[in-house]
file final.txt (compact mmCIF, C-alpha atoms)
# COMPACT_ATOMS: atom_id res chain seq x y z
CA MET A 1 5.93 26.70 27.91
CA ASN A 2 8.93 28.86 27.00
CA PRO A 3 12.01 27.50 28.77
CA HIS A 4 14.46 30.04 30.07
CA ALA A 5 18.15 29.28 30.26
CA ASP A 6 19.68 29.10 33.76
CA PRO A 7 22.90 27.10 33.40
CA GLN A 8 24.05 27.89 36.93
CA ALA A 9 20.93 26.34 38.45
CA GLY A 10 21.29 23.36 36.15
CA ALA A 11 24.88 22.85 37.21
CA ALA A 12 23.82 22.81 40.88
CA VAL A 13 21.10 20.22 40.20
CA LYS A 14 23.57 18.09 38.25
CA ALA A 15 26.26 18.34 40.94
CA ALA A 16 23.87 17.23 43.70
CA ASP A 17 22.63 14.37 41.55
CA ARG A 18 26.13 13.13 40.77
CA ALA A 19 27.15 13.41 44.44
CA HIS A 20 24.16 11.68 46.01
CA VAL A 21 21.66 9.99 43.64
CA PHE A 22 22.13 6.30 42.89
CA HIS A 23 20.47 5.63 39.51
CA SER A 24 18.60 2.54 38.33
CA TRP A 25 20.12 0.02 35.88
CA SER A 26 23.32 2.06 35.55
CA ALA A 27 27.06 1.98 36.11
CA GLN A 28 27.10 5.07 38.26
CA GLY A 29 30.39 6.46 37.01
CA LEU A 30 29.46 6.11 33.33
CA ILE A 31 26.21 8.07 33.18
CA ASP A 32 25.52 11.73 32.49
CA PRO A 33 21.89 12.49 33.42
CA LEU A 34 20.25 15.48 31.80
CA ALA A 35 19.18 18.10 34.35
CA VAL A 36 15.51 18.81 33.62
CA ALA A 37 14.09 22.23 34.46
CA GLY A 38 10.44 21.63 33.60
CA ALA A 39 7.83 19.89 31.48
CA GLU A 40 4.39 20.51 30.05
CA GLY A 41 2.22 18.49 27.70
CA SER A 42 4.38 16.48 25.32
CA TYR A 43 7.58 18.46 25.99
CA PHE A 44 10.27 18.92 28.62
CA TRP A 45 13.28 21.23 28.73
CA ASP A 46 16.68 21.57 30.34
CA TYR A 47 18.41 24.47 32.10
CA ASP A 48 20.22 25.52 28.92
CA GLY A 49 16.91 26.31 27.23
CA ASN A 50 16.80 23.20 25.04
CA ARG A 51 13.30 21.80 24.57
CA TYR A 52 12.59 18.16 23.70
CA LEU A 53 9.51 16.45 22.31
CA ASP A 54 9.16 13.42 24.59
CA PHE A 55 8.60 10.31 22.47
CA THR A 56 9.12 8.17 25.60
CA SER A 57 6.24 9.49 27.77
CA GLY A 58 8.67 9.37 30.70
CA LEU A 59 8.92 5.59 30.88
CA VAL A 60 5.75 5.11 28.83
CA TYR A 61 3.55 6.47 31.60
CA THR A 62 2.66 10.12 30.95
CA ASN A 63 -0.38 9.04 28.95
CA ILE A 64 -2.00 12.48 29.32
CA GLY A 65 1.29 14.39 29.14
CA TYR A 66 3.07 16.42 31.78
CA GLN A 67 1.39 18.83 34.19
CA HIS A 68 -2.22 18.39 33.13
CA PRO A 69 -3.91 21.18 35.11
CA LYS A 70 -6.93 19.11 36.21
CA VAL A 71 -4.77 16.34 37.65
CA VAL A 72 -2.40 18.78 39.32
CA ALA A 73 -5.40 20.55 40.87
CA ALA A 74 -6.86 17.25 42.09
CA ILE A 75 -3.61 16.36 43.85
CA GLN A 76 -3.44 19.81 45.43
CA GLU A 77 -7.04 19.63 46.58
CA GLN A 78 -6.59 16.15 48.05
CA ALA A 79 -3.42 17.24 49.86
CA GLY A 80 -5.39 20.03 51.51
CA ARG A 81 -8.24 17.70 52.47
CA LEU A 82 -6.53 14.43 53.50
CA ALA A 83 -2.91 14.05 52.41
CA THR A 84 -2.49 10.47 53.62
CA PHE A 85 -4.25 7.70 55.49
CA ALA A 86 -3.56 4.06 56.31
CA PRO A 87 -4.77 1.42 53.81
CA ALA A 88 -6.98 -0.47 56.28
CA PHE A 89 -9.56 2.32 56.19
CA ALA A 90 -12.12 3.25 53.55
CA VAL A 91 -11.32 6.69 52.17
CA GLU A 92 -13.08 8.43 49.31
CA PRO A 93 -10.28 8.76 46.70
CA ARG A 94 -9.26 5.11 47.15
CA SER A 95 -12.82 3.85 46.86
CA GLU A 96 -13.56 6.03 43.85
CA ALA A 97 -10.35 5.09 42.05
CA ALA A 98 -11.10 1.40 42.56
CA ARG A 99 -14.65 1.87 41.27
CA LEU A 100 -13.54 3.72 38.15
CA ILE A 101 -10.84 1.19 37.35
CA ALA A 102 -13.16 -1.78 37.91
CA GLU A 103 -15.73 -0.22 35.57
CA ARG A 104 -13.15 -0.31 32.78
CA THR A 105 -11.44 -3.65 33.32
CA PRO A 106 -12.76 -6.55 31.22
CA GLY A 107 -15.03 -9.27 32.54
CA ASP A 108 -15.40 -9.71 36.29
CA LEU A 109 -12.09 -8.12 37.32
CA ASP A 110 -13.95 -6.03 39.88
CA LYS A 111 -11.71 -6.10 42.97
CA ILE A 112 -8.65 -3.85 43.02
CA PHE A 113 -5.55 -4.36 45.15
CA PHE A 114 -3.46 -1.18 45.08
CA THR A 115 0.35 -1.12 44.99
CA ASN A 116 2.95 1.60 44.51
CA GLY A 117 3.85 0.54 40.97
CA GLY A 118 3.96 -2.18 38.35
CA ALA A 119 6.63 -4.44 39.82
CA GLU A 120 4.74 -4.70 43.13
CA ALA A 121 1.57 -5.41 41.16
CA VAL A 122 3.29 -8.35 39.47
CA GLU A 123 4.69 -9.56 42.81
CA ASN A 124 1.23 -9.65 44.33
CA ALA A 125 -0.50 -11.12 41.29
CA ILE A 126 1.90 -14.05 41.33
CA ARG A 127 1.48 -14.44 45.09
CA MET A 128 -2.29 -14.52 44.65
CA ALA A 129 -2.02 -17.13 41.89
CA ARG A 130 0.24 -19.38 43.95
CA LEU A 131 -2.00 -19.14 46.99
CA HIS A 132 -5.16 -19.69 44.94
CA THR A 133 -3.80 -22.80 43.20
CA GLY A 134 -1.41 -24.15 45.83
CA ARG A 135 1.16 -24.59 43.04
CA PRO A 136 4.69 -23.16 42.88
CA LYS A 137 5.69 -22.52 39.24
CA VAL A 138 5.09 -19.53 36.97
CA LEU A 139 5.60 -19.48 33.20
CA SER A 140 6.60 -16.30 31.39
CA ALA A 141 7.98 -15.30 28.00
CA TYR A 142 11.62 -14.61 27.21
CA ARG A 143 10.77 -11.39 25.40
CA SER A 144 9.22 -9.62 28.37
CA TYR A 145 9.71 -7.14 31.17
CA HIS A 146 7.66 -7.36 34.38
CA GLY A 147 9.58 -5.27 36.94
CA GLY A 148 12.68 -5.02 39.08
CA THR A 149 11.62 -6.57 42.42
CA ALA A 150 12.49 -10.12 43.43
CA THR A 151 9.75 -12.16 41.76
CA ALA A 152 9.04 -9.64 39.00
CA ILE A 153 12.66 -9.64 37.82
CA ASN A 154 12.70 -13.43 37.74
CA VAL A 155 9.62 -13.63 35.52
CA THR A 156 11.18 -10.92 33.32
CA GLY A 157 12.82 -12.32 30.21
CA ASP A 158 15.24 -9.59 29.18
CA PRO A 159 18.93 -9.34 30.23
CA ARG A 160 18.20 -7.28 33.33
CA ARG A 161 17.13 -10.60 34.86
CA TRP A 162 20.51 -12.28 34.49
CA ALA A 163 22.35 -10.65 37.41
CA ASN A 164 19.29 -11.07 39.65
CA ASP A 165 18.25 -14.62 38.74
CA ASN A 166 18.91 -17.04 41.58
CA GLY A 167 17.42 -19.96 39.69
CA THR A 168 15.17 -20.94 42.59
CA ALA A 169 12.16 -18.72 42.05
CA GLY A 170 10.04 -21.37 40.35
CA VAL A 171 9.99 -19.50 37.04
CA VAL A 172 10.10 -21.20 33.63
CA HIS A 173 10.51 -19.16 30.46
CA PHE A 174 9.12 -19.96 27.03
CA TRP A 175 9.03 -18.38 23.57
CA GLY A 176 6.06 -16.19 22.80
CA PRO A 177 4.98 -15.44 19.23
CA PHE A 178 6.99 -12.92 17.18
CA LEU A 179 6.67 -13.50 13.46
CA TYR A 180 9.39 -11.04 12.37
CA ARG A 181 11.99 -12.98 14.39
CA SER A 182 10.07 -16.24 14.69
CA PRO A 183 11.68 -18.90 16.89
CA PHE A 184 9.37 -21.39 15.16
CA TYR A 185 10.41 -20.69 11.52
CA SER A 186 6.87 -19.58 10.71
CA SER A 187 5.97 -17.74 7.52
CA THR A 188 2.45 -16.56 8.45
CA GLU A 189 0.71 -15.25 11.56
CA ALA A 190 -1.49 -18.35 11.60
CA GLU A 191 1.57 -20.63 11.65
CA GLU A 192 3.23 -18.51 14.33
CA CYS A 193 0.10 -18.67 16.51
CA GLU A 194 -0.31 -22.42 16.14
CA ARG A 195 3.37 -23.22 16.71
CA ALA A 196 3.69 -20.87 19.66
CA LEU A 197 0.68 -22.45 21.35
CA THR A 198 2.05 -25.94 20.69
CA HIS A 199 5.39 -24.90 22.19
CA LEU A 200 3.65 -23.50 25.26
CA GLU A 201 1.58 -26.61 25.75
CA ASP A 202 4.68 -28.81 25.32
CA THR A 203 6.45 -26.72 27.97
CA ILE A 204 3.53 -27.19 30.34
CA ALA A 205 3.49 -30.95 29.70
CA PHE A 206 7.20 -31.33 30.46
CA GLU A 207 7.07 -29.06 33.53
CA GLY A 208 3.97 -30.81 34.90
CA PRO A 209 0.65 -28.96 34.66
CA GLN A 210 -0.12 -29.73 38.29
CA THR A 211 2.96 -27.72 39.34
CA ILE A 212 2.10 -24.51 37.44
CA ALA A 213 0.26 -21.72 39.25
CA ALA A 214 0.23 -19.07 36.53
CA ILE A 215 1.17 -17.98 33.06
CA ILE A 216 1.99 -14.27 32.94
CA LEU A 217 2.16 -12.36 29.67
CA GLU A 218 2.31 -8.73 28.69
CA THR A 219 -0.82 -8.36 26.56
CA ILE A 220 1.34 -6.54 24.02
CA PRO A 221 4.99 -6.77 25.14
CA GLY A 222 6.33 -3.26 25.60
CA THR A 223 10.01 -2.77 26.37
CA ALA A 224 10.78 -6.06 24.60
CA GLY A 225 9.61 -4.69 21.28
CA ILE A 226 5.85 -3.96 21.01
CA MET A 227 5.08 -7.30 19.35
CA THR A 228 1.31 -7.54 18.92
CA PRO A 229 0.38 -11.22 19.32
CA PRO A 230 -1.17 -12.89 16.27
CA PRO A 231 -4.95 -13.39 16.14
CA GLY A 232 -6.02 -16.30 18.32
CA TYR A 233 -2.88 -16.53 20.44
CA LEU A 234 -4.14 -14.98 23.68
CA ALA A 235 -7.46 -16.82 23.30
CA GLY A 236 -5.44 -20.02 22.91
CA VAL A 237 -3.48 -19.28 26.09
CA ARG A 238 -6.77 -18.62 27.88
CA GLU A 239 -8.07 -22.04 26.75
CA ILE A 240 -4.87 -23.81 27.86
CA CYS A 241 -5.04 -22.14 31.27
CA ASP A 242 -8.68 -23.18 31.68
CA ARG A 243 -7.89 -26.77 30.72
CA TYR A 244 -5.10 -27.16 33.27
CA GLY A 245 -6.44 -24.96 36.07
CA ILE A 246 -3.67 -22.40 35.57
CA VAL A 247 -4.21 -18.74 36.49
CA PHE A 248 -3.89 -16.45 33.46
CA VAL A 249 -2.22 -13.13 34.34
CA LEU A 250 -2.06 -10.26 31.86
CA ASP A 251 0.46 -7.52 32.55
CA GLU A 252 -1.05 -4.22 31.35
CA VAL A 253 1.36 -1.98 33.26
CA MET A 254 2.57 -0.40 30.02
CA ALA A 255 -0.21 -1.25 27.56
CA GLY A 256 -3.13 -0.19 29.76
CA PHE A 257 -5.09 3.05 30.12
CA GLY A 258 -5.32 4.15 26.51
CA ARG A 259 -1.84 3.36 25.29
CA THR A 260 -3.04 0.98 22.55
CA GLY A 261 -6.20 2.90 21.67
CA LYS A 262 -8.30 0.90 24.13
CA TRP A 263 -8.67 1.24 27.88
CA PHE A 264 -6.84 -2.09 28.13
CA ALA A 265 -5.03 -3.94 25.35
CA ALA A 266 -6.94 -7.13 26.22
CA GLU A 267 -9.97 -5.55 24.54
CA HIS A 268 -8.24 -5.92 21.16
CA PHE A 269 -8.25 -9.69 21.62
CA ASP A 270 -11.57 -10.25 23.42
CA VAL A 271 -9.77 -12.06 26.25
CA VAL A 272 -10.41 -11.83 29.99
CA PRO A 273 -7.56 -12.89 32.32
CA ASP A 274 -7.93 -14.03 35.92
CA LEU A 275 -5.63 -11.28 37.16
CA MET A 276 -4.52 -8.07 35.47
CA THR A 277 -1.70 -5.81 36.61
CA PHE A 278 -1.66 -2.06 35.95
CA ALA A 279 0.31 1.08 36.85
CA LYS A 280 1.92 3.87 34.78
CA GLY A 281 -0.98 5.36 32.79
CA VAL A 282 -3.53 4.87 35.57
CA ASN A 283 -2.62 8.37 36.75
CA SER A 284 0.01 9.32 34.17
CA GLY A 285 2.69 8.69 36.78
CA TYR A 286 1.94 11.90 38.69
CA VAL A 287 2.05 10.02 42.02
CA PRO A 288 3.29 6.39 42.18
CA LEU A 289 0.38 3.94 41.85
CA GLY A 290 -0.19 0.42 40.54
CA GLY A 291 -2.44 -2.47 41.26
CA VAL A 292 -3.97 -5.84 40.51
CA ALA A 293 -7.48 -6.27 39.15
CA ILE A 294 -8.82 -9.54 40.55
CA SER A 295 -11.48 -11.93 39.25
CA ALA A 296 -14.40 -12.98 41.42
CA GLU A 297 -13.10 -16.55 41.75
CA ILE A 298 -9.67 -15.54 42.99
CA ALA A 299 -11.06 -12.80 45.22
CA ALA A 300 -13.33 -15.43 46.83
CA THR A 301 -10.23 -17.41 47.87
CA PHE A 302 -9.53 -14.65 50.36
CA ASP A 303 -13.07 -14.08 51.66
CA LYS A 304 -12.39 -16.05 54.85
CA ARG A 305 -8.65 -16.57 54.45
CA PRO A 306 -6.47 -13.51 55.06
CA TYR A 307 -4.44 -12.38 52.10
CA PRO A 308 -0.81 -12.42 53.34
CA GLY A 309 0.38 -9.25 51.68
CA GLY A 310 0.13 -5.50 52.03
CA LEU A 311 1.85 -2.16 51.62
CA THR A 312 2.00 0.87 53.88
CA TYR A 313 1.04 3.15 51.02
CA SER A 314 -1.47 0.87 49.28
CA GLY A 315 -4.06 3.13 47.68
CA HIS A 316 -2.37 6.33 48.86
CA PRO A 317 -4.95 9.15 48.80
CA LEU A 318 -2.82 11.48 46.67
CA ALA A 319 -2.10 8.76 44.13
CA CYS A 320 -5.72 7.68 44.00
CA ALA A 321 -6.95 11.26 43.65
CA ALA A 322 -4.58 11.57 40.69
CA ALA A 323 -6.01 8.36 39.22
CA VAL A 324 -9.59 9.59 39.59
CA ALA A 325 -8.72 12.88 37.90
CA THR A 326 -6.74 11.15 35.14
CA ILE A 327 -9.55 8.74 34.28
CA ARG A 328 -12.05 11.59 34.20
CA VAL A 329 -9.74 13.64 31.97
CA MET A 330 -9.36 10.67 29.64
CA GLU A 331 -13.13 10.36 29.43
CA GLU A 332 -13.84 14.08 28.99
CA GLU A 333 -11.09 14.65 26.45
CA LYS A 334 -11.59 11.29 24.69
CA VAL A 335 -7.92 10.46 25.10
CA VAL A 336 -8.39 6.73 24.41
CA GLU A 337 -10.21 7.45 21.17
CA HIS A 338 -7.58 10.03 20.25
CA ALA A 339 -4.76 7.52 20.77
CA ALA A 340 -6.51 5.08 18.43
CA ARG A 341 -7.03 7.79 15.82
CA ILE A 342 -3.49 9.24 15.97
CA GLY A 343 -2.11 5.73 15.55
CA GLU A 344 -4.32 4.98 12.56
CA THR A 345 -3.95 8.30 10.76
CA VAL A 346 -0.56 9.77 11.71
CA LEU A 347 1.88 7.56 13.61
CA GLY A 348 1.28 4.29 11.78
CA PRO A 349 1.22 5.72 8.25
CA GLY A 350 4.10 8.09 9.03
CA LEU A 351 6.35 5.38 10.45
CA ARG A 352 5.59 3.05 7.54
CA GLU A 353 6.48 5.84 5.13
CA LEU A 354 9.81 6.27 6.92
CA ALA A 355 10.41 2.54 6.57
CA GLU A 356 9.96 2.78 2.81
CA ARG A 357 12.74 5.35 2.57
CA HIS A 358 15.22 4.15 5.19
CA PRO A 359 16.98 0.82 4.69
CA SER A 360 17.79 0.68 8.41
CA VAL A 361 14.12 0.06 9.24
CA GLY A 362 13.32 -3.64 9.12
CA GLU A 363 9.79 -3.60 10.52
CA VAL A 364 7.20 -1.19 11.89
CA ARG A 365 4.93 -2.56 14.64
CA GLY A 366 2.27 -1.06 16.87
CA THR A 367 -1.14 0.41 17.51
CA GLY A 368 -2.49 3.55 19.17
CA ALA A 369 0.37 5.52 20.72
CA PHE A 370 2.48 2.36 21.05
CA TRP A 371 4.92 1.77 18.15
CA ALA A 372 8.35 0.30 17.52
CA LEU A 373 10.84 0.43 14.66
CA ASP A 374 13.04 -2.66 14.41
CA LEU A 375 16.36 -1.36 13.05
CA VAL A 376 18.54 -3.69 10.99
CA ARG A 377 21.87 -3.88 9.18
CA ASP A 378 20.33 -5.98 6.43
CA ARG A 379 16.64 -6.15 5.55
CA GLU A 380 17.01 -9.51 3.81
CA THR A 381 18.71 -11.33 6.70
CA ARG A 382 17.00 -9.14 9.34
CA GLU A 383 20.32 -8.86 11.18
CA PRO A 384 19.77 -6.33 14.00
CA LEU A 385 21.54 -2.99 13.68
CA VAL A 386 23.40 -3.85 16.90
CA PRO A 387 23.83 -7.24 18.60
CA TYR A 388 21.49 -8.38 21.37
CA ASN A 389 22.24 -6.51 24.62
CA ALA A 390 25.10 -4.60 22.97
CA THR A 391 27.14 -2.10 24.98
CA GLY A 392 30.05 0.22 24.27
CA GLU A 393 31.46 0.20 20.74
CA ALA A 394 29.16 -2.65 19.74
CA ASN A 395 26.23 -0.30 20.37
CA ALA A 396 27.71 2.61 18.43
CA ALA A 397 25.04 2.62 15.71
CA MET A 398 22.15 2.98 18.14
CA ALA A 399 24.09 5.53 20.20
CA ALA A 400 24.61 7.62 17.07
CA PHE A 401 20.93 7.32 16.18
CA GLY A 402 19.88 8.41 19.69
CA ALA A 403 22.25 11.38 19.64
CA ALA A 404 20.83 12.46 16.29
CA CYS A 405 17.30 12.36 17.68
CA LYS A 406 18.26 14.60 20.60
CA LYS A 407 20.11 16.98 18.31
CA ASN A 408 16.83 17.40 16.42
CA GLY A 409 14.82 18.07 19.59
CA LEU A 410 13.36 14.58 20.05
CA TRP A 411 13.91 12.49 23.17
CA PRO A 412 13.82 8.88 21.91
CA PHE A 413 12.99 5.56 23.55
CA VAL A 414 15.90 3.37 22.46
CA ASN A 415 16.23 -0.26 23.51
CA MET A 416 18.73 -2.63 21.91
CA ASN A 417 18.21 -2.39 18.12
CA ARG A 418 14.84 -0.66 18.36
CA THR A 419 13.42 2.78 18.78
CA HIS A 420 9.90 3.07 20.13
CA ALA A 421 7.48 5.85 19.25
CA VAL A 422 5.47 6.15 22.45
CA PRO A 423 4.41 9.79 22.91
CA PRO A 424 1.62 10.83 25.27
CA CYS A 425 -1.72 9.38 24.19
CA ASN A 426 -3.03 12.93 23.70
CA VAL A 427 -0.11 14.01 21.50
CA THR A 428 -1.39 16.41 18.86
CA GLU A 429 -1.19 15.73 15.14
CA SER A 430 1.36 18.52 14.68
CA GLU A 431 3.50 17.19 17.55
CA ALA A 432 3.37 13.66 16.14
CA LYS A 433 4.47 14.96 12.74
CA GLU A 434 7.27 16.94 14.41
CA GLY A 435 8.45 13.71 16.00
CA LEU A 436 8.29 11.85 12.70
CA ALA A 437 10.40 14.54 11.04
CA ALA A 438 13.05 14.23 13.76
CA LEU A 439 13.02 10.44 13.38
CA ASP A 440 13.42 10.87 9.63
CA ALA A 441 16.63 12.85 10.12
CA ALA A 442 17.98 10.46 12.75
CA LEU A 443 17.26 7.39 10.62
CA SER A 444 19.53 8.86 7.95
CA VAL A 445 22.31 8.44 10.53
CA ALA A 446 21.22 4.84 11.23
CA ASP A 447 21.26 4.18 7.47
CA GLU A 448 25.00 4.83 7.46
CA TRP A 449 25.46 1.60 9.44
CA VAL A 450 23.50 -0.58 7.04
CA ALA A 451 25.61 -3.33 5.49
call {"tool": "encode", "arguments": {"input": "final.txt", "output": "C-alpha cells"}}
result
Amino acid sequence: MNPHADPQAGAAVKAADRAHVFHSWSAQGLIDPLAVAGAEGSYFWDYDGNRYLDFTSGLVYTNIGYQHPKVVAAIQEQAGRLATFAPAFAVEPRSEAARLIAERTPGDLDKIFFTNGGAEAVENAIRMARLHTGRPKVLSAYRSYHGGTATAINVTGDPRRWANDNGTAGVVHFWGPFLYRSPFYSSTEAEECERALTHLEDTIAFEGPQTIAAIILETIPGTAGIMTPPPGYLAGVREICDRYGIVFVLDEVMAGFGRTGKWFAAEHFDVVPDLMTFAKGVNSGYVPLGGVAISAEIAATFDKRPYPGGLTYSGHPLACAAAVATIRVMEEEKVVEHAARIGETVLGPGLRELAERHPSVGEVRGTGAFWALDLVRDRETREPLVPYNATGEANAAMAAFGAACKKNGLWPFVNMNRTHAVPPCNVTESEAKEGLAALDAALSVADEWVA
C-alpha cells in the first residue's frame, strides 16, 4: 500500500474524465475530480503519491474497506464460473445471498427482491406498498435522502429533490424528530418523541389515512445528519402504521450491514418494518447491489398476482457473490462487533473530546462507525456554520474546513454545515485516531469562522 507517483498517467485519466464523464449532482464546468490511482483498506491515493484516510467509506458503503482479498477472490471465482445469468433463473450466488441476508433481517423479512442499488430498492418498496394497500400516498421526512430515481427523489427531503419534484408523485413530507434543531420546541428526548408522533398522526389525519400506502423513514437518517431517533419514536410509528393499515418502510441503505454496530439499525430500537431497503454495505459496494426485504404478508400479495416490476440485472451473480463473501467476512472478522466497539471506545469519545475544545462543534451524534459533527457559528444560538444549502462564498467556512482535512491526509464527508465521521466499519484503532487528529487540525480552521 505504498502509492507511487505517476503524474503523467494521472493527467491522462483526468483529461479523459473532463472530456467525457458526466458527473452526478454537479455543474460540470465547476468541478475538479481527483484522479484516484488505487485504494486498499481504509486508504486511497492519487497519481501524485498523496494518500488519504477515507472517512467517507466511498459514499458510506465500503463497510469492509477497499480491496478486501476474500471478496475480490470471490468475484474473480464467480466470473470464471458463471459471470452473468438472467434473473428468472435460480442460480447459486443469488440464492445464497438471499438466504444470508434473510437470516439477518429482523422479524419475518424473509423474501429478498434484488435491485442494482438503493434508489431502485426504494422505488420497488414503494411500488409494493401501493399495490399491497391499493392506496396512492407516501409520507416521508424532510430531513432524509432516499435516492435519485423518480419516486426515490420525490420521497427525499433534502434540496436535491427541488429541481426534480413535479408535485404529482403522491408524496407528503413531515418533520421527524431532531432534538438539537427541534421543530417542536422540545427540551427533552421524551418531549421530542411525543410531539413528533403527534405531528405525524395529525399529518395522517389531515391527509386521510385511507389514502396513505406507506410511511418511509431512514432508521437513522444518514446524509441528512445522522440523527438517532429518540427512544420510543420508531415503535410509535410502527403502532400508528398498524392502526391505520399503513405499510412501514425502513430505509437501511446507509445504516445497514454493520454501520451502526448492528447488522441493521432497526435492532437498536426493537422494531420490525413491513419492508426494508438495503444496498451499499451489503457487499461493500464492490459490485452494484441493493434490494428489498419483504414481510410474509406483503410477499403473499404476490403469490398469485404477478409483481409488475423487474430489472435485467436483478441479483447479478457477480454482485451476489460479492455479497456472500462480504457477509462471511463480516462474520469471520466480527466486523459488526468491531464497529460497535470502535464507536464506543474511540470514535465517540474522541469526537466528544474534540467538541470540548473546538467552539465550532455544536453537537456530536452517532453510533458504531456512523457519526456526525454539527458545526456552528454560535453554540448558544446553534446557528449553523453555513446557511442551509449554501453554495459559493456563503459556503466558504465549510470549504475551508474540507480543504484543511485534505491537507492533513483525511478525505472528509462534508454536507451543509456538518462533517460526518464514517470510516470503514473495520477501521483500526490507530487509523481512527489518525482521522481524529486530522479533524482536530481542520476544526481549528472552522473555529476561525465562529462568531
call {"tool": "atom_distance", "arguments": {"input": "final.txt", "atom1": "atom CA of A:Ala196", "atom2": "atom CA of A:Gly281"}}
result
29.7 Å
call {"tool": "closest_residue", "arguments": {"input": "final.txt", "among": "A:Val450, A:Ala224, A:Ala15, A:Ala119", "to": "A:Met398", "atoms": "all atoms listed in the file"}}
result
A:Val450
call {"tool": "residues_around", "arguments": {"input": "final.txt", "residues": "A:Ala279", "least_positions_apart": "4", "cutoff": "6 Å", "atoms": "only C-alpha atoms", "output": "VMD selection string"}}
result
chain A and resid 117 to 118 253 289 to 290
call {"tool": "atom_distance", "arguments": {"input": "final.txt", "atom1": "atom CA of A:Asn426", "atom2": "atom CA of A:Glu96"}}
result
23.8 Å
call {"tool": "closest_residue", "arguments": {"input": "final.txt", "among": "A:Leu439, A:Val272, A:Met330, A:Ile298", "to": "A:Asp251", "atoms": "all atoms listed in the file"}}
result
A:Val272
call {"tool": "atom_distance", "arguments": {"input": "final.txt", "atom1": "atom CA of A:Gly291", "atom2": "atom CA of A:Pro230"}}
result
27.1 Å
call {"tool": "residues_around", "arguments": {"input": "final.txt", "residues": "A:Thr156", "least_positions_apart": "6", "cutoff": "9 Å", "atoms": "all atoms listed in the file", "output": "list in words"}}
result
Ser140, Ala141, Tyr142, Arg143, Ser144, Tyr145, His146, Gly147, Gly148 and His173 of chain A
call {"tool": "residues_around", "arguments": {"input": "final.txt", "residues": "A:Gly343", "least_positions_apart": "2", "cutoff": "8 Å", "atoms": "only C-alpha atoms", "output": "list in words"}}
result
Gly261, Ala339, Ala340, Arg341, Thr345, Val346, Leu347, Gly348, Thr367, Gly368, Ala369 and Phe370 of chain A
call {"tool": "closest_residue", "arguments": {"input": "final.txt", "among": "A:Pro306, A:Pro93, A:Gly80, A:Pro209", "to": "A:Ala323", "atoms": "only C-alpha atoms"}}
result
A:Pro93
call {"tool": "closest_residue", "arguments": {"input": "final.txt", "among": "A:Gly41, A:Gly315, A:Pro359, A:Pro387", "to": "A:Pro288", "atoms": "only C-alpha atoms"}}
result
A:Gly315
call {"tool": "residues_around", "arguments": {"input": "final.txt", "residues": "stretch 376-381 of chain A", "least_positions_apart": "4", "cutoff": "12 Å", "atoms": "all atoms listed in the file", "output": "VMD selection string"}}
result
chain A and resid 180 to 181 355 to 356 358 to 364 385 to 388 397 to 398 416 to 419 443 446 to 451
call {"tool": "residues_around", "arguments": {"input": "final.txt", "residues": "A:His199", "least_positions_apart": "3", "cutoff": "8 Å", "atoms": "all atoms listed in the file", "output": "PyMOL selection string"}}
result
chain A and resi 174-175+195-196+202-203
call {"tool": "closest_residue", "arguments": {"input": "final.txt", "among": "A:Leu53, A:Asn164, A:Ile31, A:Lys111", "to": "A:Asp303", "atoms": "all atoms listed in the file"}}
result
A:Lys111
call {"tool": "axis_aligned_box", "arguments": {"input": "final.txt", "around": "stretch 106-119 of chain A", "padding_each_side": "3 Å", "output": "JSON"}}
result
{"center_x": -4.4, "center_y": -4.1, "center_z": 38.2, "size_x": 28.0, "size_y": 17.3, "size_z": 19.9}
